[in-house]
Amino acid sequence: MTETSSQRASEALGDWRRSHHCSQLRIADVDQEVCLMGWVQFRRDHGGLIFIDLRDLNGRTQVVFNPEINAEAHARAHVLRSEYVLAVQGVVRARPEGMRNAALPTGDVEVEVRAWKLLNSAKTPPFPIEERVEVTESTRLEYRYLDLRRPQCTRNMIVRHKATQSFRDFLNREGFLELETPILTKSTPEGARDFLVPSRLNPGAFYALPQSPQLFKQLFMVAGMDRYYQVVRCFRDEDLRADRQPEFTQIDLELSFADQDQVMELAEEMIRHVFKETLDVALPNPFPRLTHAQAMRDYGVDKPDIRFDLLLHDVTDIVAGSQFKLFAAAKLVKALVLPQGAGLSRNDIDQLTEFVKIYGAQGLAWIKIKADEWQSPIAKFLSPEERAGLTAALGLREGDIVFFQAAAPEIVNAALGNLRLELAERFGLVDQTRFQPVWITDFPLLEHDPDAQRWVARHHPFTSPQDGHDEIMVKRPGEALAKAYDLCLNGYEVGGGSVRIHSAALQEQMFAALGISEQEARGQFGFLLKALEFGAPPHAGIAFGLDRLVMLMTGSASIRDVIAFPKTQKASCLMTQAPSPVSTVQLRELGMKLREAVK
RNA sequence: GGGGCCGUAGUUAAGCUGGUUAUAACGCCGGCCUGUCACGUCGGAGGGCGCGGGUUCAAGUCCCGUCGGCCCCGCCA
């Protein structure tokens with residue numbers, strides 16, 4: 001279909017000025033002369049009368065082309081199609097009785113068109129620009145600028161803006177300086193895989209994009225900036241998930257002369273402020289707190305969703321002498337009761353068994369508590385004492401089903417902790433309208449890396465041990481606790497921080513505990529160690545994941561929904577086709593050459 | 001590195017055990033229509049099934065490979 005010149009026409013704006021947005025006009029504006037500009041949302045061409053819903057960022061307004069008002073303006077309007085860009089001048093009229101649209105805020109009025117300009121025509125969009133999504137995500141991402149016109153995306157962007165600004169409002173009020181840190185910085189061995197940027201002026205040398213501004217914000221504290229924050233892009237070259245993108249935004253902050261409780265109190269006041277300002281939601285005050293050990297014990301995960309119970313129970317001691325060898329031999333045996341779940345079918349249980357295998361479980365033991373018996377493949381192994389012990393410990397009642405995991409603690413917790421979430425999901429145990437934050441504190445300082453055969457920092461190597469734990473760190477590394485804290489919201493980790501080491505001596509001790517030689521430490525972090533020797537104040541901080549917070553605020557299933565131009569699971573951009581090959585000339589300038597295998 | 005699901009008109013989907021010209025809805029194009037609001041109505045045009053091999057008389061349908069999208073494990077201090 002060849003387009004006619006009139007379809008391609010685009011008139012100049014001239015001296016026309018928009019008087020209102022498409023969401024503003026009300027019955028009180030009747031008889032006003034107005035000028036609206038926007039996109040054609042719906043066209044209802046009756047031949048005689050033409051109705052157009054004109055849409056902009058904020059909403060839509062019905063405009064009417066009537067030949068009795070302006071025959072020429074009406075006659076030209078037959079060419080209008082979806083997503084054409086218009087400017088209309090006209091008069092606000094009350095709609096006739098019975099013709100009002102209660103579904104629209106502007107539904108009591110319409111604009112009677114006196115004159116209009118076609119500011120631009122548009123090709124037929126690949127998918128309709130509407131609320132309801134009936135398009136695959138890859139098509140939406142290829143035409144992301146069209147996807148973003150949809151009200152749902154628009155709303156997400158607006159919520160993101162509001163949340164960001166309310167963070168800034170709060171932190172400005174609290175005396176924080178918003179400061180920037182380098183994007184081209186130094187690669188460090190700890191943590192996630194770095195994105196590297198080759199240096200043309202220094203062939204063979206590379207910058208890294210920051211995984212976080214961690215060291216720079218500590219140096220701001222040494223520099224006497226007192227309180228710092230930044231809305232900052234961070235980069236990690238790891239595999240993607242629904243809640244993980246290779247570049248993401250943190251609300252990063254750091255305070256001098258502050259301890260853990262001060263940071264946590266300020267941070268939760270800030271989060272309450274943001275939810276109140278952005279969504280008018282009142283979060284609890286104070287936020288509940290769990291230690292890492294409590295979270296692992298009761299929920300099996302370090303980012304628990306505490307909107308529902310279904311707690312895990314340690315029954316190792318009860319079944320320690322069981323005839324059931326698996327239970328007797330296991331290092332840890334835990335149980336999870338689904339109240340009134342005895343109606344689950346064999347098929348249901350098979351599916352749940354497959355589910356826990358994802359987390360390394362060998363199988364899933366279960367018992368249905370029936371009126372006259374315990375129905376279960378393992379019931380025959382359980383003694384009367386064990387049954388009594390389990391009944392008391394788990395509060396078992398007729399109609400319940402109880403699931404067991406007996407294995408290494410990591411597997412038991414991962415399998416049952418995630419089974420807990422799966423059951424809640426399947427049986428609708430979660431109040432989806434609720435926002436439930438919870439702090440997790442007292443994290444282990446170090447954890448053993450079986451591959452590298454050494455201890456690694458669980459948070460990062462600049463995290464302070466708890467008071468007195470600097471010695472434990474050396475003698476029994478696995479038992480030392482950190483002054484570290486995470487904020488979880490509805491089962492997502494949305495923030496994390498720590499008190500930092502501000503003593504050069506302690507920092508050197510830490511590197512020693514991590515098996516990093518003094519020489520290595522000097523090479524990688526020498527600038528930090530040097531800075532700590534020049535009067536570093538005690539300092540502590542935290543960073544929040546803006547994308548995850550906004551995802552939860554908007555009820556989105558993925559952070560892609562709240563990032564304007566996100567990447568796919570293979571970290572590519574379907575709109576720009578990034579990443580893409582570069583010319584050999586570009587590579588040569590950088591002193592680089594591709595290996596044959598990757599050409 | 002691994003497990004699972006999915007690629008069929010512009011879009012979203014149907015297409016069972018392989019069998020005439022590959023269906024539908026929405027969208028698109030044209031006609032009619034002065035009170036519609038996801039307008040209505042009449043008519044019409046669009047694809048050869050992600051790509052490449054193979055099996056077969058015959059392949060969206062089966063097999064192999066490959067590309068791409070989503071979810072997850074590992075990974076993500």
# chains A, B, ... in the order shown; residues from 1 in each chain; ligands from 1
>>> closest_atom_pairs(of="chain A", to="chain B", cutoff="7 Å", atoms="only C-alpha atoms (C1' of nucleotides)", output="tab-separated table")
residue	atom	partner	partner_atom	distance
A:Arg44	CA	B:C39	C1'	5.9
A:His46	CA	B:C33	C1'	5.3
A:Gly47	CA	B:C33	C1'	5.6
A:Gly48	CA	B:U34	C1'	4.9
A:Leu49	CA	B:U34	C1'	5.1
A:Phe51	CA	B:U36	C1'	6.8
A:Pro126	CA	B:G10	C1'	5.5
A:Phe127	CA	B:U11	C1'	5.6
A:Glu134	CA	B:U12	C1'	6.0
A:Val135	CA	B:U11	C1'	6.7
A:Ser138	CA	B:G69	C1'	6.2
A:Glu190	CA	B:A77	C1'	6.2
A:Gly191	CA	B:A77	C1'	4.1
A:Ala192	CA	B:C76	C1'	6.3
A:Glu238	CA	B:C76	C1'	5.9
A:Asp239	CA	B:C75	C1'	6.7
A:Ile358	CA	B:C73	C1'	6.2
A:Tyr359	CA	B:C73	C1'	6.9
A:Ala457	CA	B:A77	C1'	6.1
A:Arg458	CA	B:A77	C1'	5.7
A:His459	CA	B:A77	C1'	4.9
A:His460	CA	B:A77	C1'	4.4
>>> select_by_dssp(residues="region 124-364 of chain A", states="alpha helix (DSSP H)", output="NGL selection string")
:A and (137-142 or 144-147 or 151-173 or 214-222 or 260-279 or 292-299 or 325-329 or 346-357)
>>> residues_around(residues="Pro210 (chain A)", least_positions_apart="3", cutoff="9 Å", atoms="only C-alpha atoms (C1' of nucleotides)", output="short mmCIF file (atom, residue, chain, number, x, y, z; two decimals) with N, CA and C atoms, in the first residue's frame")
data_model
loop_
_atom_site.label_atom_id
_atom_site.label_comp_id
_atom_site.auth_asym_id
_atom_site.auth_seq_id
_atom_site.Cartn_x
_atom_site.Cartn_y
_atom_site.Cartn_z
N PRO A 182 33.58 7.86 39.37
CA PRO A 182 33.95 7.47 38.00
C PRO A 182 33.19 6.24 37.48
N ILE A 183 32.92 6.29 36.17
CA ILE A 183 32.36 5.12 35.49
C ILE A 183 33.51 4.29 34.92
N LEU A 184 34.55 4.97 34.47
CA LEU A 184 35.75 4.26 34.03
C LEU A 184 36.66 4.14 35.25
N THR A 185 36.79 2.93 35.75
CA THR A 185 37.54 2.77 36.99
C THR A 185 38.39 1.51 36.95
N LYS A 186 38.78 1.06 38.11
CA LYS A 186 39.78 0.00 38.18
C LYS A 186 39.13 -1.35 38.44
N SER A 187 39.58 -2.36 37.72
CA SER A 187 39.08 -3.71 37.93
C SER A 187 39.64 -4.27 39.24
N ASP A 194 33.74 -8.30 36.00
CA ASP A 194 33.71 -6.91 35.56
C ASP A 194 33.42 -6.79 34.07
N PHE A 195 32.75 -5.70 33.70
CA PHE A 195 32.75 -5.28 32.29
C PHE A 195 34.03 -4.49 32.08
N PRO A 213 29.94 1.89 43.60
CA PRO A 213 30.95 2.90 43.90
C PRO A 213 31.58 2.69 45.28
N GLN A 214 31.63 1.46 45.77
CA GLN A 214 32.01 1.16 47.14
C GLN A 214 33.25 1.91 47.62
N ARG A 233 24.45 4.18 38.35
CA ARG A 233 24.40 2.95 37.54
C ARG A 233 25.54 2.03 37.95
N CYS A 234 25.23 0.75 38.12
CA CYS A 234 26.22 -0.25 38.47
C CYS A 234 26.21 -1.34 37.41
N PHE A 235 27.34 -2.01 37.25
CA PHE A 235 27.49 -2.97 36.15
C PHE A 235 28.07 -4.28 36.67
N ARG A 236 27.44 -5.37 36.34
CA ARG A 236 27.97 -6.68 36.72
C ARG A 236 27.76 -7.65 35.56
#
>>> residues_around(residues="region 21-30 of chain A", least_positions_apart="4", cutoff="8 Å", atoms="only C-alpha atoms (C1' of nucleotides)", output="list in words")
Leu36, Met37, Gly38, Leu54, Arg55, Asp56, Asn58, Gly59, Arg60, Thr61, Val91, Val92, Arg93, Ala94, Pro105, Thr106, Asp108 and Val109 of chain A
>>> write_last_selection(atoms="N, CA and C atoms", output="PDB file, in the first residue's frame")
ATOM      1  N   LEU A  36      -5.105  21.186  22.194  1.00  0.00           N
ATOM      2  CA  LEU A  36      -4.539  19.930  22.686  1.00  0.00           C
ATOM      3  C   LEU A  36      -3.604  19.351  21.640  1.00  0.00           C
ATOM      4  N   MET A  37      -2.599  18.646  22.111  1.00  0.00           N
ATOM      5  CA  MET A  37      -1.704  17.942  21.185  1.00  0.00           C
ATOM      6  C   MET A  37      -1.468  16.529  21.708  1.00  0.00           C
ATOM      7  N   GLY A  38      -1.432  15.592  20.765  1.00  0.00           N
ATOM      8  CA  GLY A  38      -1.220  14.219  21.210  1.00  0.00           C
ATOM      9  C   GLY A  38      -1.326  13.236  20.060  1.00  0.00           C
ATOM     10  N   LEU A  54      -7.739  11.538  21.748  1.00  0.00           N
ATOM     11  CA  LEU A  54      -6.380  12.051  21.662  1.00  0.00           C
ATOM     12  C   LEU A  54      -5.642  11.714  22.958  1.00  0.00           C
ATOM     13  N   ARG A  55      -4.449  11.102  22.810  1.00  0.00           N
ATOM     14  CA  ARG A  55      -3.734  10.597  23.983  1.00  0.00           C
ATOM     15  C   ARG A  55      -2.385  11.298  24.159  1.00  0.00           C
ATOM     16  N   ASP A  56      -2.046  11.626  25.378  1.00  0.00           N
ATOM     17  CA  ASP A  56      -0.668  12.003  25.697  1.00  0.00           C
ATOM     18  C   ASP A  56      -0.228  11.251  26.937  1.00  0.00           C
ATOM     19  N   ASN A  58      -0.405  11.726  29.954  1.00  0.00           N
ATOM     20  CA  ASN A  58      -1.229  11.719  31.154  1.00  0.00           C
ATOM     21  C   ASN A  58      -2.610  11.102  31.003  1.00  0.00           C
ATOM     22  N   GLY A  59      -3.141  11.096  29.790  1.00  0.00           N
ATOM     23  CA  GLY A  59      -4.487  10.567  29.638  1.00  0.00           C
ATOM     24  C   GLY A  59      -5.019  10.826  28.255  1.00  0.00           C
ATOM     25  N   ARG A  60      -6.360  10.840  28.121  1.00  0.00           N
ATOM     26  CA  ARG A  60      -6.915  11.067  26.797  1.00  0.00           C
ATOM     27  C   ARG A  60      -8.216  11.855  26.876  1.00  0.00           C
ATOM     28  N   THR A  61      -8.493  12.535  25.780  1.00  0.00           N
ATOM     29  CA  THR A  61      -9.672  13.380  25.665  1.00  0.00           C
ATOM     30  C   THR A  61     -10.309  13.128  24.313  1.00  0.00           C
ATOM     31  N   VAL A  91     -13.320  24.151  21.104  1.00  0.00           N
ATOM     32  CA  VAL A  91     -14.029  24.636  22.274  1.00  0.00           C
ATOM     33  C   VAL A  91     -14.473  23.435  23.097  1.00  0.00           C
ATOM     34  N   VAL A  92     -14.304  23.542  24.408  1.00  0.00           N
ATOM     35  CA  VAL A  92     -14.730  22.468  25.300  1.00  0.00           C
ATOM     36  C   VAL A  92     -16.245  22.484  25.392  1.00  0.00           C
ATOM     37  N   ARG A  93     -16.863  21.337  25.148  1.00  0.00           N
ATOM     38  CA  ARG A  93     -18.317  21.212  25.254  1.00  0.00           C
ATOM     39  C   ARG A  93     -18.662  20.119  26.248  1.00  0.00           C
ATOM     40  N   ALA A  94     -19.760  20.324  26.950  1.00  0.00           N
ATOM     41  CA  ALA A  94     -20.293  19.229  27.763  1.00  0.00           C
ATOM     42  C   ALA A  94     -20.890  18.218  26.811  1.00  0.00           C
ATOM     43  N   PRO A 105     -11.666  10.107  33.139  1.00  0.00           N
ATOM     44  CA  PRO A 105     -11.713  11.339  33.938  1.00  0.00           C
ATOM     45  C   PRO A 105     -12.203  12.532  33.113  1.00  0.00           C
ATOM     46  N   THR A 106     -11.906  12.504  31.812  1.00  0.00           N
ATOM     47  CA  THR A 106     -12.338  13.594  30.928  1.00  0.00           C
ATOM     48  C   THR A 106     -13.652  13.258  30.240  1.00  0.00           C
ATOM     49  N   ASP A 108     -16.770  13.596  30.759  1.00  0.00           N
ATOM     50  CA  ASP A 108     -17.965  14.450  30.740  1.00  0.00           C
ATOM     51  C   ASP A 108     -17.907  15.501  29.647  1.00  0.00           C
ATOM     52  N   VAL A 109     -16.706  15.687  29.082  1.00  0.00           N
ATOM     53  CA  VAL A 109     -16.544  16.748  28.091  1.00  0.00           C
ATOM     54  C   VAL A 109     -15.942  16.200  26.805  1.00  0.00           C
TER      55      VAL A 109
END
>>> residues_around(residues="region 533-548 of chain A", least_positions_apart="5", cutoff="8 Å", atoms="only C-alpha atoms (C1' of nucleotides)", output="PyMOL selection string")
chain A and resi 164+218+221-222+243+248-260+263+267+492+494-504+559+562-563
>>> write_last_selection(atoms="N, CA and C atoms", output="compact mmCIF listing (two decimals), in the first residue's frame")
# COMPACT_ATOMS: atom_id res chain seq x y z
N THR A 164 12.51 8.01 42.71
CA THR A 164 13.86 8.58 42.67
C THR A 164 13.88 9.97 43.31
N GLN A 218 33.74 5.39 50.22
CA GLN A 218 34.55 5.36 51.44
C GLN A 218 35.59 6.49 51.38
N MET A 221 34.27 9.68 52.43
CA MET A 221 34.22 9.83 53.89
C MET A 221 35.58 10.27 54.41
N VAL A 222 36.64 9.64 53.87
CA VAL A 222 37.99 10.06 54.26
C VAL A 222 38.18 11.53 53.89
N ASP A 243 15.01 -10.51 38.02
CA ASP A 243 15.32 -9.36 38.88
C ASP A 243 16.78 -8.94 38.79
N PHE A 248 22.24 -1.72 36.35
CA PHE A 248 21.10 -1.46 37.22
C PHE A 248 21.42 -0.24 38.06
N THR A 249 20.41 0.27 38.73
CA THR A 249 20.59 1.54 39.42
C THR A 249 20.48 1.36 40.92
N GLN A 250 21.46 1.93 41.62
CA GLN A 250 21.42 1.89 43.08
C GLN A 250 21.21 3.29 43.64
N ILE A 251 20.50 3.34 44.75
CA ILE A 251 20.52 4.53 45.59
C ILE A 251 21.60 4.25 46.62
N ASP A 252 22.75 4.85 46.42
CA ASP A 252 23.94 4.50 47.19
C ASP A 252 24.21 5.61 48.19
N LEU A 253 24.45 5.25 49.44
CA LEU A 253 24.73 6.30 50.42
C LEU A 253 25.72 5.84 51.48
N GLU A 254 26.36 6.82 52.10
CA GLU A 254 27.39 6.55 53.11
C GLU A 254 27.40 7.69 54.12
N LEU A 255 27.61 7.33 55.40
CA LEU A 255 27.61 8.34 56.48
C LEU A 255 28.88 8.23 57.30
N SER A 256 29.42 9.37 57.65
CA SER A 256 30.53 9.38 58.59
C SER A 256 30.01 9.37 60.02
N PHE A 257 30.83 8.89 60.93
CA PHE A 257 30.52 8.93 62.37
C PHE A 257 29.19 8.25 62.69
N ALA A 258 28.89 7.18 61.96
CA ALA A 258 27.62 6.49 62.18
C ALA A 258 27.87 5.00 62.39
N ASP A 259 27.05 4.39 63.22
CA ASP A 259 27.16 2.95 63.41
C ASP A 259 25.97 2.26 62.71
N GLN A 260 25.91 0.93 62.90
CA GLN A 260 24.90 0.13 62.20
C GLN A 260 23.48 0.61 62.46
N VAL A 263 22.50 3.86 60.68
CA VAL A 263 22.26 3.67 59.24
C VAL A 263 20.91 3.00 59.02
N ALA A 267 17.85 4.61 57.13
CA ALA A 267 17.46 3.96 55.87
C ALA A 267 15.99 3.57 55.90
N TYR A 492 12.38 -10.28 48.28
CA TYR A 492 13.47 -9.77 47.44
C TYR A 492 14.47 -9.00 48.29
N VAL A 494 16.32 -5.93 48.59
CA VAL A 494 16.22 -4.62 47.95
C VAL A 494 17.30 -3.66 48.42
N GLY A 495 18.06 -4.05 49.45
CA GLY A 495 19.13 -3.16 49.90
C GLY A 495 20.10 -3.92 50.79
N GLY A 496 21.31 -3.40 50.87
CA GLY A 496 22.29 -4.03 51.74
C GLY A 496 23.42 -3.08 52.02
N GLY A 497 23.97 -3.21 53.21
CA GLY A 497 25.08 -2.33 53.55
C GLY A 497 25.84 -2.86 54.73
N SER A 498 26.78 -2.05 55.19
CA SER A 498 27.61 -2.49 56.30
C SER A 498 28.33 -1.31 56.92
N VAL A 499 28.82 -1.56 58.13
CA VAL A 499 29.80 -0.67 58.72
C VAL A 499 31.14 -1.03 58.09
N ARG A 500 31.92 -0.01 57.70
CA ARG A 500 33.17 -0.30 57.00
C ARG A 500 34.34 -0.34 57.99
N ILE A 501 35.38 -0.99 57.55
CA ILE A 501 36.63 -0.96 58.32
C ILE A 501 37.27 0.40 58.07
N HIS A 502 37.55 1.16 59.16
CA HIS A 502 38.18 2.46 58.93
C HIS A 502 39.61 2.50 59.46
N SER A 503 40.08 1.33 59.89
CA SER A 503 41.45 1.25 60.39
C SER A 503 42.31 0.48 59.38
N ALA A 504 43.41 1.07 59.00
CA ALA A 504 44.30 0.43 58.02
C ALA A 504 44.79 -0.91 58.56
N ILE A 559 12.22 -6.69 36.53
CA ILE A 559 12.75 -5.32 36.54
C ILE A 559 12.82 -4.75 35.12
N VAL A 562 10.42 -1.96 34.52
CA VAL A 562 10.59 -0.63 35.10
C VAL A 562 11.91 0.02 34.65
N ILE A 563 12.58 -0.62 33.69
CA ILE A 563 13.78 -0.03 33.08
C ILE A 563 13.38 0.38 31.67
>>> closest_residue(among="A:Gly555, A:Ala415, A:Thr316, A:Val79", to="Gly389 (chain A)", atoms="only C-alpha atoms")
A:Thr316
>>> residues_around(residues="Val40 (chain A)", least_positions_apart="6", cutoff="7 Å", atoms="only C-alpha atoms (C1' of nucleotides)", output="ChimeraX atom specification")
/A:52-55,81-85
>>> select_by_dssp(residues="region 131-311 of chain A", states="strand (DSSP E)", output="ChimeraX atom specification")
/A:177-178,196-198,206-208,227-235,247-256,289-291
>>> atom_distance(atom1="CA of Phe381 (chain A)", atom2="CA of Val315 (chain A)")
15.4 Å
>>> residues_around(residues="C64 (chain B)", least_positions_apart="4", cutoff="12 Å", atoms="only C-alpha atoms (C1' of nucleotides)", output="list in words")
G52, G53, G54 and U55 of chain B
>>> write_last_selection(atoms="all heavy atoms", output="CSV table (one decimal), in the first residue's frame")
chain,number,residue,atom,x,y,z
B,52,G,P,16.1,-21.7,5.2
B,52,G,OP1,16.4,-21.1,3.9
B,52,G,OP2,14.8,-22.3,5.5
B,52,G,O5',17.2,-22.7,5.7
B,52,G,C5',18.6,-22.3,5.6
B,52,G,C4',19.4,-23.5,6.0
B,52,G,O4',19.4,-23.7,7.4
B,52,G,C3',19.0,-24.8,5.4
B,52,G,O3',19.5,-25.0,4.1
B,52,G,C2',19.7,-25.8,6.4
B,52,G,O2',21.1,-25.9,6.1
B,52,G,C1',19.5,-25.1,7.7
B,52,G,N9,18.3,-25.6,8.4
B,52,G,C8,17.1,-25.1,8.4
B,52,G,N7,16.2,-25.7,9.2
B,52,G,C5,17.0,-26.8,9.7
B,52,G,C6,16.6,-27.8,10.6
B,52,G,O6,15.5,-28.1,11.1
B,52,G,N1,17.7,-28.6,10.8
B,52,G,C2,19.0,-28.5,10.3
B,52,G,N2,19.9,-29.4,10.7
B,52,G,N3,19.3,-27.5,9.5
B,52,G,C4,18.3,-26.7,9.2
B,53,G,P,18.9,-26.2,3.2
B,53,G,OP1,19.3,-26.0,1.8
B,53,G,OP2,17.5,-26.5,3.6
B,53,G,O5',19.8,-27.4,3.8
B,53,G,C5',19.4,-28.7,3.7
B,53,G,C4',20.1,-29.6,4.6
B,53,G,O4',20.0,-29.1,6.0
B,53,G,C3',19.6,-31.0,4.7
B,53,G,O3',20.1,-31.8,3.7
B,53,G,C2',20.0,-31.4,6.1
B,53,G,O2',21.3,-31.8,6.2
B,53,G,C1',19.7,-30.1,6.9
B,53,G,N9,18.3,-30.0,7.3
B,53,G,C8,17.4,-29.0,6.9
B,53,G,N7,16.2,-29.2,7.5
B,53,G,C5,16.4,-30.3,8.3
B,53,G,C6,15.4,-30.9,9.1
B,53,G,O6,14.3,-30.6,9.3
B,53,G,N1,16.0,-32.0,9.8
B,53,G,C2,17.3,-32.5,9.6
B,53,G,N2,17.6,-33.5,10.3
B,53,G,N3,18.2,-31.9,8.9
B,53,G,C4,17.7,-30.8,8.2
B,54,G,P,19.1,-32.6,2.7
B,54,G,OP1,19.8,-33.1,1.5
B,54,G,OP2,17.9,-31.7,2.5
B,54,G,O5',18.6,-33.8,3.6
B,54,G,C5',19.6,-34.6,4.2
B,54,G,C4',19.0,-35.4,5.4
B,54,G,O4',18.5,-34.5,6.4
B,54,G,C3',17.8,-36.3,5.1
B,54,G,O3',18.2,-37.5,4.5
B,54,G,C2',17.2,-36.5,6.5
B,54,G,O2',17.9,-37.4,7.2
B,54,G,C1',17.4,-35.1,7.1
B,54,G,N9,16.2,-34.3,7.0
B,54,G,C8,16.0,-33.1,6.3
B,54,G,N7,14.8,-32.6,6.5
B,54,G,C5,14.2,-33.5,7.4
B,54,G,C6,12.9,-33.5,8.0
B,54,G,O6,12.0,-32.6,7.8
B,54,G,N1,12.7,-34.5,8.9
B,54,G,C2,13.7,-35.5,9.2
B,54,G,N2,13.3,-36.4,10.0
B,54,G,N3,14.9,-35.5,8.6
B,54,G,C4,15.1,-34.5,7.8
B,55,U,P,17.2,-38.2,3.4
B,55,U,OP1,18.0,-39.3,2.8
B,55,U,OP2,16.6,-37.2,2.6
B,55,U,O5',16.1,-38.9,4.4
B,55,U,C5',16.5,-39.9,5.3
B,55,U,C4',15.3,-40.3,6.2
B,55,U,O4',14.9,-39.1,7.0
B,55,U,C3',14.1,-40.6,5.3
B,55,U,O3',14.1,-42.0,4.9
B,55,U,C2',12.9,-40.4,6.3
B,55,U,O2',12.8,-41.5,7.3
B,55,U,C1',13.5,-39.2,7.1
B,55,U,N1,12.9,-37.9,6.6
B,55,U,C2,11.7,-37.5,7.0
B,55,U,O2,11.0,-38.1,7.7
B,55,U,N3,11.2,-36.3,6.4
B,55,U,C4,11.9,-35.5,5.6
B,55,U,O4,11.4,-34.4,5.2
B,55,U,C5,13.2,-36.0,5.2
B,55,U,C6,13.7,-37.1,5.7
>>> atom_distance(atom1="CA of Glu110 (chain A)", atom2="CA of Arg149 (chain A)")
22.3 Å
>>> closest_residue(among="A:Pro444, A:Gly591, A:Pro339, A:Pro477", to="Arg200 (chain A)", atoms="only C-alpha atoms")
A:Gly591
